[in-house]
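Enquirer: Let me begin by handing over the structure; questions about it come next.
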Amino acid sequence: MIKKVLKNIYNDIKKHYITYLVYLLFVVSLFIHFDYYIYSSGGLVDLKDRIKVDNSYETKGSINLTYVSVRKSNIYNILLSYVIKDWDLVKMDNSRLDNESSKEIFERDKIYLKETSYDAVIAAFKEANKQYDILKNDVTITYVYSFAKSNVKAGDIVLSINNTSISNVNDISNILDNLNENDKLNIKVKRNNKEKDCYAYVVKEKDRNLIGIAIANIKEVKTTPKVEYVFNDNESGSSRGLMCALDIYNKITEYDLTKGDIIAGTGSIDQDGKVISIDGVKYKLKGAVKKKANVFIVPTDNYEEAILEKEKNNYDIEIIEADTLHNVIEKLINR
């Protein structure tokens, strides 16, 4: 019986081998990715259920994150990008440091997500004049550049350098300022919850003493009321900071900034409430318009681009320029 079935399969393949070959090539080609991304408009993420605040005030409208839809590129969606107006072909190098892999980019952006999210908590509580305590600050390596002479790794938490405790990036700069090129640094890090002794040699780049690492400050913050983030595993990046700060501020203060409207926006933020520029404005703005948002908030450095996109496409949406959290709140109150 089995021999008969196998013989029938063999005869069928022999008869239709060209069809099977074309099908096989089609399936294989779907899994061949090129060094490009396909960018297109995204949508909104309502922060109502993504940020939990104890005893929060009621919000009649919503405060929303915006995002860019990103697809990996195979031959078919590359061709489609020339046909579909909303799809843009973007070289992966635009978001890559040195020769990072896609996985390394994602892991780096997950660290930045944590950094901006807890800076948003601090900025919101500071603006609302409410108590917060920074319990610790993990100086975390996000990337090791190719010119570095070191065995530290991305994800390591720097505990000390030459027996001097490290609590922020300035501590590292102060140590490097007093050293010479090729001096050896003894670095103690925490890796996978275990302490490890590492090393690095001072590298001279543009007349500056460097180790050759990128750093993020991952804080642990205690607040009253308690703030808790509900992240998805596939989320990363720093551009949610401003909207998170606005949502937290709105939940811990009595005045409702939304006034019943759909508020959308983007922008990174530091703990002092300064708003930092981001990428992908036109895709995020288009996504906000598609979802009927009333307001789109955008960093100062990206404001002109947003206005041009609005005028070019005749978007019916109010655009608010964001330089600081304080000024954005005032503009929302007075709109």
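Ligands are numbered from 1 in the order shown, residues from 1 within each chain, and chains are lettered A, B, ... in the order they appear in the structure tokens.
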Name all residues at most 8 Å from stretch 317-333 of chain A (count only C-alpha atoms; drop same-chain ones fewer than 4 positions away) and give them as a JSON list (two decimals) with C-alpha atoms, in the first residue's frame.
Expert:
```
[["chain", "number", "residue", "atom", "x", "y", "z"],
["A", 123, "ALA", "CA", 8.47, 63.91, 34.65],
["A", 124, "ALA", "CA", 4.73, 63.50, 35.28],
["A", 127, "GLU", "CA", 5.03, 68.37, 36.96],
["A", 242, "LEU", "CA", 5.81, 61.96, 26.08],
["A", 245, "ALA", "CA", 3.93, 61.17, 30.81],
["A", 246, "LEU", "CA", 0.74, 62.93, 29.68],
["A", 257, "LEU", "CA", -6.64, 67.11, 29.62],
["A", 258, "THR", "CA", -8.54, 65.19, 26.93],
["A", 273, "GLY", "CA", 10.15, 66.87, 31.00],
["A", 274, "LYS", "CA", 12.18, 67.89, 27.94],
["A", 275, "VAL", "CA", 10.70, 66.41, 24.76],
["A", 276, "ILE", "CA", 13.12, 64.81, 22.32],
["A", 289, "VAL", "CA", -5.85, 60.81, 11.14],
["A", 293, "ALA", "CA", -7.80, 61.61, 16.44],
["A", 294, "ASN", "CA", -8.64, 65.24, 17.26],
["A", 295, "VAL", "CA", -5.11, 66.24, 18.28],
["A", 296, "PHE", "CA", -1.62, 65.13, 17.27],
["A", 297, "ILE", "CA", 1.27, 66.12, 19.56],
["A", 298, "VAL", "CA", 4.76, 66.20, 18.04],
["A", 299, "PRO", "CA", 8.25, 67.27, 19.24],
["A", 300, "THR", "CA", 9.51, 70.72, 18.22],
["A", 303, "TYR", "CA", 6.80, 70.03, 14.11],
["A", 306, "ALA", "CA", 4.06, 67.41, 10.65],
["A", 307, "ILE", "CA", 2.61, 70.75, 9.51],
["A", 310, "LYS", "CA", -1.03, 68.12, 7.26]]
```
Enquirer: Apply DSSP to the backbone of this structure and, from stretch 103-335 of chain A, keep only the residues in helix (DSSP H, G or I); write these as number ranges by chain.
Expert: A: 103-127, 169-177, 241-252, 281-290, 300-313, 325-334
Enquirer: Which value, in Å to one decimal, gives the distance between atom CA of A:Ser238 and atom CA of A:Phe147?
Expert: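 Atom CA of A:Phe147 lies at a distance of 25.5 Å from atom CA of A:Ser238.
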Enquirer: A:Ser165: which residues within 12 Å, counting only C-alpha atoms, same-chain residues fewer than 2 positions away excluded, as an MDAnalysis selection string?
Expert: chainID A and resid 137:139 157:163 167:172 174:175 186:189
Enquirer: Pick out each residue of stretch 183-274 of chain A that DSSP on the backbone tags as strand (DSSP E or B); I need them as a VMD selection string.
Expert: chain A and resid 184 to 191 194 to 201 203 to 205 208 to 210 213 to 223 227 to 229 262 to 265 268 to 269 274
Enquirer: Create the file for the chosen residues now, containing C-alpha atoms and written as a PDB file, in the first residue's frame.
Expert:
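Below is the file that was written, result.pdb:
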```pdb
ATOM      1  CA  LYS A 184      43.150  49.896  31.067  1.00  0.00           C
ATOM      2  CA  LEU A 185      39.879  50.102  32.976  1.00  0.00           C
ATOM      3  CA  ASN A 186      38.749  47.418  35.396  1.00  0.00           C
ATOM      4  CA  ILE A 187      34.973  47.273  35.030  1.00  0.00           C
ATOM      5  CA  LYS A 188      32.621  45.345  37.284  1.00  0.00           C
ATOM      6  CA  VAL A 189      29.255  44.620  35.659  1.00  0.00           C
ATOM      7  CA  LYS A 190      26.106  42.698  36.430  1.00  0.00           C
ATOM      8  CA  ARG A 191      25.293  40.231  33.662  1.00  0.00           C
ATOM      9  CA  LYS A 194      25.660  37.762  38.331  1.00  0.00           C
ATOM     10  CA  GLU A 195      28.602  40.084  38.939  1.00  0.00           C
ATOM     11  CA  LYS A 196      31.422  39.777  36.432  1.00  0.00           C
ATOM     12  CA  ASP A 197      34.862  41.394  36.133  1.00  0.00           C
ATOM     13  CA  CYS A 198      35.470  42.924  32.711  1.00  0.00           C
ATOM     14  CA  TYR A 199      37.974  45.297  31.149  1.00  0.00           C
ATOM     15  CA  ALA A 200      38.196  48.090  28.609  1.00  0.00           C
ATOM     16  CA  TYR A 201      40.972  50.246  27.202  1.00  0.00           C
ATOM     17  CA  VAL A 203      39.933  54.846  23.121  1.00  0.00           C
ATOM     18  CA  LYS A 204      40.522  58.291  21.657  1.00  0.00           C
ATOM     19  CA  GLU A 205      37.775  59.483  19.286  1.00  0.00           C
ATOM     20  CA  ARG A 208      37.551  62.547  23.565  1.00  0.00           C
ATOM     21  CA  ASN A 209      38.359  59.659  25.884  1.00  0.00           C
ATOM     22  CA  LEU A 210      35.788  56.917  25.355  1.00  0.00           C
ATOM     23  CA  ILE A 213      29.682  52.034  24.570  1.00  0.00           C
ATOM     24  CA  ALA A 214      26.184  53.517  24.439  1.00  0.00           C
ATOM     25  CA  ILE A 215      24.414  53.906  27.792  1.00  0.00           C
ATOM     26  CA  ALA A 216      20.848  54.059  29.083  1.00  0.00           C
ATOM     27  CA  ASN A 217      19.762  54.875  32.646  1.00  0.00           C
ATOM     28  CA  ILE A 218      17.161  52.351  33.806  1.00  0.00           C
ATOM     29  CA  LYS A 219      15.537  53.660  36.964  1.00  0.00           C
ATOM     30  CA  GLU A 220      13.410  52.016  39.620  1.00  0.00           C
ATOM     31  CA  VAL A 221      10.859  54.571  40.794  1.00  0.00           C
ATOM     32  CA  LYS A 222       8.527  54.421  43.782  1.00  0.00           C
ATOM     33  CA  THR A 223       5.432  56.637  43.647  1.00  0.00           C
ATOM     34  CA  VAL A 227       2.157  53.385  38.560  1.00  0.00           C
ATOM     35  CA  GLU A 228       2.412  50.119  36.632  1.00  0.00           C
ATOM     36  CA  TYR A 229       3.109  49.602  32.923  1.00  0.00           C
ATOM     37  CA  ILE A 262      -8.922  61.472  21.126  1.00  0.00           C
ATOM     38  CA  ILE A 263      -5.423  62.791  21.864  1.00  0.00           C
ATOM     39  CA  ALA A 264      -2.578  61.156  19.933  1.00  0.00           C
ATOM     40  CA  GLY A 265       1.099  61.921  19.640  1.00  0.00           C
ATOM     41  CA  SER A 268      10.689  60.761  23.719  1.00  0.00           C
ATOM     42  CA  ILE A 269      11.092  62.526  27.069  1.00  0.00           C
ATOM     43  CA  LYS A 274      12.183  67.888  27.939  1.00  0.00           C
TER      44      LYS A 274
END
```
Enquirer: So what do you get for atom CA of A:Ala288 versus atom CA of A:Glu305, distance-wise?
Expert: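 Between atom CA of A:Ala288 and atom CA of A:Glu305 the gap is 15.1 Å.
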Enquirer: With only C-alpha atoms as the atoms that count, which of A:Asp256, A:Asp177, A:Asp261, A:Asp49 lies nearest to A:Ser62?
Expert: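 Among the listed residues, the smallest separation from A:Ser62 belongs to A:Asp261.
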